[in-house]
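Below is start-v3.txt, which holds compact mmCIF, C-alpha atoms.
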# COMPACT_ATOMS: atom_id res chain seq x y z
CA MET A 1 30.94 5.29 -17.94
CA THR A 2 29.92 1.77 -16.96
CA LYS A 3 26.73 0.44 -18.54
CA TRP A 4 24.63 -2.56 -17.61
CA ALA A 5 22.67 -4.55 -20.18
CA ILE A 6 19.55 -5.93 -18.49
CA LEU A 7 17.39 -8.66 -20.06
CA SER A 8 14.31 -10.56 -18.95
CA GLY A 9 11.73 -12.89 -20.46
CA ILE A 10 13.89 -14.78 -22.97
CA GLU A 11 11.59 -17.78 -22.42
CA GLY A 12 13.72 -20.22 -24.38
CA ASN A 13 13.80 -18.04 -27.51
CA LEU A 14 17.32 -18.68 -28.81
CA VAL A 15 16.94 -16.56 -31.96
CA ALA A 16 15.84 -13.52 -29.93
CA TYR A 17 18.75 -13.98 -27.53
CA GLU A 18 21.27 -14.13 -30.38
CA ALA A 19 19.81 -10.92 -31.83
CA VAL A 20 20.11 -9.10 -28.52
CA MET A 21 23.66 -10.32 -27.89
CA ALA A 22 24.70 -9.08 -31.32
CA ASP A 23 23.17 -5.70 -30.52
CA ILE A 24 24.90 -5.50 -27.12
CA LYS A 25 28.27 -6.04 -28.85
CA ARG A 26 27.61 -2.83 -30.80
CA GLN A 27 27.10 -0.79 -27.64
CA ALA A 28 29.96 1.05 -25.95
CA ASN A 29 31.13 0.48 -22.38
CA VAL A 30 28.78 -2.37 -21.45
CA GLU A 31 30.50 -4.05 -18.51
CA ALA A 32 27.76 -6.16 -16.91
CA LEU A 33 24.98 -8.39 -18.25
CA TYR A 34 21.95 -9.33 -16.14
CA ILE A 35 19.15 -11.75 -16.99
CA LEU A 36 16.24 -11.11 -14.63
CA GLY A 37 14.41 -14.41 -14.78
CA ASP A 38 12.27 -16.28 -17.30
CA LEU A 39 15.34 -17.54 -19.09
CA VAL A 40 13.56 -20.84 -19.76
CA GLY A 41 10.13 -21.44 -21.26
CA PRO A 42 7.96 -24.01 -23.03
CA ARG A 43 10.08 -24.07 -26.20
CA ARG A 44 11.93 -26.95 -27.82
CA GLU A 45 15.21 -25.03 -27.93
CA THR A 46 15.18 -24.13 -24.21
CA GLU A 47 18.06 -26.41 -23.20
CA GLN A 48 20.07 -25.29 -26.22
CA LEU A 49 19.49 -21.69 -25.16
CA VAL A 50 20.66 -22.35 -21.60
CA LYS A 51 23.85 -24.01 -22.88
CA ARG A 52 24.42 -20.99 -25.13
CA VAL A 53 23.95 -18.56 -22.23
CA LEU A 54 26.34 -20.50 -20.01
CA THR A 55 29.11 -20.58 -22.64
CA PRO A 56 29.64 -16.97 -23.75
CA ARG A 57 31.52 -16.47 -26.98
CA ARG A 58 34.63 -14.36 -27.38
CA GLY A 59 33.86 -10.74 -26.54
CA GLU A 60 30.63 -11.57 -24.70
CA LEU A 61 29.98 -10.95 -21.02
CA GLU A 62 29.18 -13.76 -18.61
CA PRO A 63 25.59 -13.09 -17.48
CA LEU A 64 24.33 -12.93 -13.92
CA ILE A 65 21.01 -14.82 -13.85
CA CYS A 66 18.24 -14.83 -11.27
CA LYS A 67 15.07 -16.89 -10.96
CA GLY A 68 11.84 -15.90 -12.64
CA TRP A 69 8.28 -17.18 -12.83
CA TRP A 70 9.02 -19.85 -15.44
CA GLU A 71 11.95 -21.15 -13.39
CA GLU A 72 9.65 -21.45 -10.37
CA GLN A 73 7.15 -23.44 -12.44
CA CYS A 74 9.88 -25.83 -13.57
CA LEU A 75 10.93 -26.43 -9.97
CA ILE A 76 7.34 -27.17 -8.99
CA LEU A 77 6.92 -29.61 -11.90
CA HIS A 78 10.02 -31.53 -10.84
CA GLY A 79 9.06 -31.56 -7.17
CA LEU A 80 11.84 -29.14 -6.27
CA GLY A 81 9.70 -26.12 -5.39
CA GLY A 82 7.66 -25.10 -2.39
CA SER A 83 4.28 -25.96 -3.94
CA GLY A 84 3.19 -29.51 -4.68
CA GLU A 85 1.17 -28.93 -7.85
CA PRO A 86 1.57 -26.58 -10.84
CA THR A 87 -1.88 -25.09 -10.27
CA GLU A 88 -0.92 -21.54 -11.29
CA LEU A 89 0.74 -22.76 -14.49
CA MET A 90 -2.25 -24.96 -15.33
CA ALA A 91 -4.74 -22.16 -14.72
CA LYS A 92 -2.81 -19.66 -16.82
CA TYR A 93 -1.65 -21.76 -19.77
CA GLY A 94 -3.39 -25.13 -19.64
CA GLY A 95 -2.27 -28.74 -19.66
CA GLU A 96 -0.53 -28.66 -23.04
CA THR A 97 1.97 -26.03 -21.85
CA VAL A 98 2.55 -28.01 -18.65
CA GLN A 99 3.45 -31.05 -20.76
CA LEU A 100 5.76 -29.05 -23.03
CA LEU A 101 7.61 -27.54 -20.09
CA TRP A 102 8.02 -31.00 -18.58
CA GLU A 103 9.40 -32.39 -21.84
CA TRP A 104 11.76 -29.55 -22.72
CA VAL A 105 13.26 -28.74 -19.31
CA SER A 106 15.03 -31.81 -17.96
CA ARG A 107 15.46 -32.63 -14.29
CA PRO A 108 19.23 -31.92 -14.36
CA MET A 109 18.44 -28.48 -15.75
CA ALA A 110 15.76 -27.97 -13.11
CA GLN A 111 18.36 -28.81 -10.46
CA TRP A 112 20.60 -26.14 -11.96
CA LEU A 113 17.72 -23.65 -11.82
CA MET A 114 17.59 -24.26 -8.07
CA THR A 115 21.06 -22.71 -7.73
CA LEU A 116 20.04 -19.37 -9.26
CA ASP A 117 19.85 -16.27 -7.09
CA PHE A 118 16.55 -14.63 -6.18
CA GLY A 119 17.91 -11.25 -7.27
CA PHE A 120 20.93 -8.94 -7.12
CA PHE A 121 21.79 -5.77 -5.23
CA GLU A 122 24.43 -3.68 -6.97
CA LEU A 123 25.46 -0.18 -5.83
CA ASP A 124 22.05 1.35 -4.94
CA SER A 125 20.06 -0.84 -7.36
CA LEU A 126 17.95 -3.96 -6.85
CA LEU A 127 17.65 -6.22 -9.89
CA ILE A 128 14.93 -8.86 -9.61
CA HIS A 129 12.28 -10.63 -11.68
CA GLY A 130 9.21 -9.71 -9.63
CA THR A 131 9.68 -8.00 -6.27
CA THR A 132 11.04 -8.91 -2.85
CA VAL A 133 7.47 -9.88 -1.93
CA ALA A 134 6.99 -12.53 -4.63
CA VAL A 135 8.53 -13.68 -7.88
CA ASP A 136 5.14 -13.35 -9.64
CA GLU A 137 4.32 -9.82 -8.45
CA GLU A 138 4.02 -7.44 -11.40
CA LEU A 139 4.96 -3.78 -11.14
CA THR A 140 3.55 -1.65 -13.98
CA PRO A 141 3.06 2.05 -14.78
CA ASN A 142 -0.38 1.70 -13.13
CA THR A 143 1.01 0.49 -9.78
CA SER A 144 0.34 2.96 -6.95
CA PRO A 145 3.23 5.17 -5.76
CA ILE A 146 2.86 3.86 -2.18
CA GLN A 147 3.32 0.27 -3.36
CA MET A 148 6.30 1.24 -5.51
CA LEU A 149 7.89 3.05 -2.57
CA ASP A 150 7.30 0.05 -0.31
CA ARG A 151 9.01 -2.32 -2.72
CA LEU A 152 11.98 0.01 -3.04
CA SER A 153 12.23 0.66 0.70
CA ARG A 154 12.30 -3.01 1.67
CA MET A 155 15.86 -3.23 0.35
CA GLN A 156 16.74 0.47 0.70
CA ALA A 157 17.17 0.71 -3.07
CA ASN A 158 17.07 3.87 -5.14
CA ASN A 159 16.55 1.92 -8.38
CA LEU A 160 14.50 -1.24 -8.82
CA PHE A 161 14.84 -3.12 -12.10
CA CYS A 162 12.16 -5.77 -12.68
CA GLY A 163 11.00 -7.97 -15.54
CA ARG A 164 7.80 -9.72 -14.48
CA SER A 165 5.35 -7.48 -16.37
CA GLY A 166 7.32 -7.73 -19.62
CA LEU A 167 6.84 -3.98 -20.09
CA ALA A 168 9.54 -1.36 -20.69
CA PHE A 169 8.83 1.65 -18.48
CA GLN A 170 10.49 4.16 -16.17
CA TYR A 171 8.46 5.08 -13.10
CA GLN A 172 9.92 7.99 -11.14
CA LEU A 173 9.15 8.90 -7.54
CA GLN A 174 10.06 12.48 -6.71
CA ALA A 175 11.69 13.49 -3.42
CA GLY A 176 9.27 14.37 -0.64
CA SER A 177 8.02 13.28 2.74
CA ILE A 178 5.42 10.98 4.30
CA THR A 179 3.74 11.74 7.62
CA THR A 180 2.28 8.84 9.58
CA GLY A 181 0.46 8.47 12.86
CA VAL A 182 -1.37 5.83 14.88
CA ARG A 183 -4.62 6.54 16.72
CA THR A 184 -5.56 4.26 19.61
CA LEU A 185 -8.50 4.15 22.02
CA ASP A 186 -6.38 5.84 24.68
CA SER A 187 -4.79 8.65 22.72
CA PRO A 188 -3.38 9.46 19.30
CA ALA A 189 0.34 8.94 18.85
CA SER A 190 2.56 11.79 17.77
CA PRO A 191 2.83 11.92 13.97
CA GLN A 192 6.15 10.96 12.42
CA THR A 193 7.53 12.44 9.22
CA VAL A 194 9.91 10.45 7.00
CA GLN A 195 11.90 12.15 4.27
CA ILE A 196 11.93 10.29 0.94
CA SER A 197 14.67 10.68 -1.67
CA ALA A 198 14.00 10.49 -5.41
CA ARG A 199 13.79 6.89 -6.59
CA GLN A 200 12.67 4.93 -9.64
CA VAL A 201 11.33 1.58 -10.80
CA ILE A 202 12.33 0.36 -14.25
CA GLY A 203 10.54 -2.33 -16.21
CA VAL A 204 13.28 -3.80 -18.41
CA GLY A 205 11.14 -5.17 -21.26
CA ASN A 206 10.84 -8.67 -22.68
CA VAL A 207 13.23 -10.42 -25.06
CA GLY A 208 11.53 -13.59 -26.19
CA LYS A 209 7.75 -13.38 -25.99
CA LYS A 210 6.93 -11.25 -29.06
CA PRO A 211 8.13 -12.83 -32.33
CA GLY A 212 10.46 -10.58 -34.31
CA GLU A 213 10.92 -7.99 -31.56
CA ALA A 214 13.12 -8.08 -28.47
CA ILE A 215 13.32 -5.26 -25.91
CA TYR A 216 16.05 -4.88 -23.33
CA THR A 217 17.47 -2.09 -21.15
CA LEU A 218 20.77 -0.27 -20.95
CA TYR A 219 21.57 1.47 -17.67
CA ASN A 220 24.43 3.87 -17.05
CA SER A 221 25.35 3.46 -13.38
CA GLY A 222 27.38 6.67 -13.40
CA THR A 223 24.72 9.02 -14.74
CA ASN A 224 21.62 7.02 -13.73
CA HIS A 225 20.46 7.15 -17.35
CA VAL A 226 18.04 4.49 -18.62
CA GLU A 227 17.71 3.59 -22.30
CA PHE A 228 15.36 1.01 -23.80
CA LYS A 229 16.60 -0.83 -26.88
CA THR A 230 14.32 -2.53 -29.40
CA VAL A 231 15.92 -5.16 -31.62
CA ARG A 232 14.11 -6.30 -34.76
CA TYR A 233 15.00 -9.74 -36.03
CA GLY A 234 13.68 -12.41 -38.34
CA LEU A 235 13.07 -12.94 -42.05
CA GLY A 236 12.03 -9.82 -43.94
CA LYS A 237 12.65 -7.47 -41.02
CA GLY A 238 16.36 -6.98 -41.42
CA PHE A 239 18.46 -6.65 -38.33
CA GLN A 240 18.44 -3.30 -36.66
CA SER A 241 18.21 -1.62 -33.31
CA ARG A 242 16.62 1.61 -32.30
CA SER A 243 16.39 3.49 -29.05
CA ASP A 244 12.92 3.68 -27.60
CA VAL A 245 12.86 7.44 -26.97
CA LYS A 246 9.23 7.39 -25.89
CA ALA A 247 9.88 5.78 -22.52
CA GLN A 248 6.78 5.88 -20.40
CA ILE A 249 7.31 8.08 -17.35
CA ALA A 250 4.95 7.88 -14.39
CA ASN A 251 5.34 10.38 -11.58
structure tokens encoding of this file:
Amino acid sequence: MTKWAILSGIEGNLVAYEAVMADIKRQANVEALYILGDLVGPRRETEQLVKRVLTPRRGELEPLICKGWWEEQCLILHGLGGSGEPTELMAKYGGETVQLLWEWVSRPMAQWLMTLDFGFFELDSLLIHGTTVAVDEELTPNTSPIQMLDRLSRMQANNLFCGRSGLAFQYQLQAGSITTGVRTLDSPASPQTVQISARQVIGVGNVGKKPGEAIYTLYNSGTNHVEFKTVRYGLGKGFQSRSDVKAQIAN
């Protein structure tokens, strides 16, 4: 059965990426590799990481990469984005991080970031950093079912894979129906009932933010099975992978 390896939040962490790629090589039947945004980040090795990602080694898959929040901030810094000032970046991380991102992501690389896709639609699955509403929108296990259903329905997807929150979770919506109606001053409209099929939203984890621990997702497109993989790396931790069998399910 075909499996997808889905990463997000590498954030320029080359060591974490190497650890995950080594772990993916040990998995069976992985035929597609997705990086759902935040490939770059305020790290010195960011450009080295991007060059590594774009030149897969023997036996490695060529990744499909979409834009994330950090990519959007780089475009704004270089005057290539829709906003004129990096106000969100400044408010969240401060001036020092703004300076680091400016120094470690060159303009030629920012121009390459412009060419990245906003997301991917494969089979019945949408793979994206945030949502179709905004690249910075976070979906979490605490997001309301109505909002989750709306984000899925906008692209008629049965599975939505996202990376903005950095969390690894599986949020399942059971099959059912929604009845709607509009009341006006003249008369109420006849209610309409829409049947909803079972769908799910998957947070794919974060590779580069937490030192020594990278989390990514394996998805079997034939069986619809989701598995979270945790890779330990770094001095004194060995190099091992374990399945995260305690996936958080929200109904």
**Request:** Choose the residue, out of A:Thr2, A:Ser144, A:Thr217, A:Thr131, that has the smallest atom-to-atom separation from Leu167 (chain A); count only C-alpha atoms.
**Result:**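 Nearest to Leu167 (chain A): A:Thr217.
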**Message:** So that I can see what lies close to region 67-75 of chain A, please list as a ChimeraX atom specification the residues with an atom at most 10 Å from it, counting only C-alpha atoms and leaving out residues fewer than 6 positions away in the same chain.
**Reply:** /A:8-9,11,35-42,81-90,98,101-102,105-107,109-119,128-130,134-137,163-164
Take the residues just selected and output them with C-alpha atoms as a JSON list (two decimals), in the frame of the given file.
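Full text of out.json as output:
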[["chain", "number", "residue", "atom", "x", "y", "z"],
["A", 8, "SER", "CA", 14.31, -10.56, -18.95],
["A", 9, "GLY", "CA", 11.73, -12.89, -20.46],
["A", 11, "GLU", "CA", 11.59, -17.78, -22.42],
["A", 35, "ILE", "CA", 19.15, -11.75, -16.99],
["A", 36, "LEU", "CA", 16.24, -11.11, -14.63],
["A", 37, "GLY", "CA", 14.41, -14.41, -14.78],
["A", 38, "ASP", "CA", 12.27, -16.28, -17.30],
["A", 39, "LEU", "CA", 15.34, -17.54, -19.09],
["A", 40, "VAL", "CA", 13.56, -20.84, -19.76],
["A", 41, "GLY", "CA", 10.13, -21.44, -21.26],
["A", 42, "PRO", "CA", 7.96, -24.01, -23.03],
["A", 81, "GLY", "CA", 9.70, -26.12, -5.39],
["A", 82, "GLY", "CA", 7.66, -25.10, -2.39],
["A", 83, "SER", "CA", 4.28, -25.96, -3.94],
["A", 84, "GLY", "CA", 3.19, -29.51, -4.68],
["A", 85, "GLU", "CA", 1.17, -28.93, -7.85],
["A", 86, "PRO", "CA", 1.57, -26.58, -10.84],
["A", 87, "THR", "CA", -1.88, -25.09, -10.27],
["A", 88, "GLU", "CA", -0.92, -21.54, -11.29],
["A", 89, "LEU", "CA", 0.74, -22.76, -14.49],
["A", 90, "MET", "CA", -2.25, -24.96, -15.33],
["A", 98, "VAL", "CA", 2.55, -28.01, -18.65],
["A", 101, "LEU", "CA", 7.61, -27.54, -20.09],
["A", 102, "TRP", "CA", 8.02, -31.00, -18.58],
["A", 105, "VAL", "CA", 13.26, -28.74, -19.31],
["A", 106, "SER", "CA", 15.03, -31.81, -17.96],
["A", 107, "ARG", "CA", 15.46, -32.63, -14.29],
["A", 109, "MET", "CA", 18.44, -28.48, -15.75],
["A", 110, "ALA", "CA", 15.76, -27.97, -13.11],
["A", 111, "GLN", "CA", 18.36, -28.81, -10.46],
["A", 112, "TRP", "CA", 20.60, -26.14, -11.96],
["A", 113, "LEU", "CA", 17.72, -23.65, -11.82],
["A", 114, "MET", "CA", 17.59, -24.26, -8.07],
["A", 115, "THR", "CA", 21.06, -22.71, -7.73],
["A", 116, "LEU", "CA", 20.04, -19.37, -9.26],
["A", 117, "ASP", "CA", 19.85, -16.27, -7.09],
["A", 118, "PHE", "CA", 16.55, -14.63, -6.18],
["A", 119, "GLY", "CA", 17.91, -11.25, -7.27],
["A", 128, "ILE", "CA", 14.93, -8.86, -9.61],
["A", 129, "HIS", "CA", 12.28, -10.63, -11.68],
["A", 130, "GLY", "CA", 9.21, -9.71, -9.63],
["A", 134, "ALA", "CA", 6.99, -12.53, -4.63],
["A", 135, "VAL", "CA", 8.53, -13.68, -7.88],
["A", 136, "ASP", "CA", 5.14, -13.35, -9.64],
["A", 137, "GLU", "CA", 4.32, -9.82, -8.45],
["A", 163, "GLY", "CA", 11.00, -7.97, -15.54],
["A", 164, "ARG", "CA", 7.80, -9.72, -14.48]]
**Asked** What separation in Å, quoted to one decimal, exists between CA of Gly212 (chain A) and CA of Arg232 (chain A)?
**Response** 5.6 Å
**Request:** Report the distance between CA of Ile215 (chain A) and CA of Ile76 (chain A) in Å, rounded to one decimal place.
**Result:**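 Pair CA of Ile215 (chain A) / CA of Ile76 (chain A) returns 28.3 Å.
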**Request:** Select, from A:Glu103, A:Glu122, A:Glu227, A:Glu60, the residue with the minimum atom-to-atom distance to Ala168 (chain A), counting only C-alpha atoms.
**Result:**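 Smallest separation from Ala168 (chain A) among the options: A:Glu227.
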**Prompt:** Got a sec to check which residues sit within 12 Å of (30.3, -3.1, -27.2), counting all atoms listed in the file, and write them as a VMD selection string?
**Reply:** chain A and resid 2 to 5 20 to 33 59 to 61 218
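Taking CA of Gly205 (chain A) and CA of Phe228 (chain A) as endpoints, the distance between them is 7.9 Å.
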**Prompt:** For Asn13 (chain A), which residue among A:Leu173, A:Leu77, A:Ile202, A:Ala214 is the nearest when counting all atoms listed in the file?
**Reply:**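 Selected residue with least distance to Asn13 (chain A): A:Ala214.
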**Residue nearest Val204 (chain A) among A:Val15, A:Glu96, A:Leu7, A:Leu126 (counting only C-alpha atoms)** =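 Among A:Val15, A:Glu96, A:Leu7, A:Leu126, it is A:Leu7 that comes nearest to Val204 (chain A).
Among A:Val207, A:Leu152, A:Leu123, A:Leu139, the residue with the shortest atom-to-atom distance to Phe169 (chain A), counting only C-alpha atoms, is A:Leu139.
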**Request:** Would you mind listing what lies within 8 Å of Leu49 (chain A) as a list in words, with all atoms listed in the file counted and same-chain residues fewer than 2 positions away left out?
**Result:** Gly12, Asn13, Leu14, Glu45, Thr46, Glu47, Lys51, Arg52 and Val53 of chain A
How would the residues just chosen look if you wrote them out with C-alpha atoms as a tab-separated table (two decimals), in the frame of the given file?
chain	number	residue	atom	x	y	z
A	12	GLY	CA	13.72	-20.22	-24.38
A	13	ASN	CA	13.80	-18.04	-27.51
A	14	LEU	CA	17.32	-18.68	-28.81
A	45	GLU	CA	15.21	-25.03	-27.93
A	46	THR	CA	15.18	-24.13	-24.21
A	47	GLU	CA	18.06	-26.41	-23.20
A	51	LYS	CA	23.85	-24.01	-22.88
A	52	ARG	CA	24.42	-20.99	-25.13
A	53	VAL	CA	23.95	-18.56	-22.23
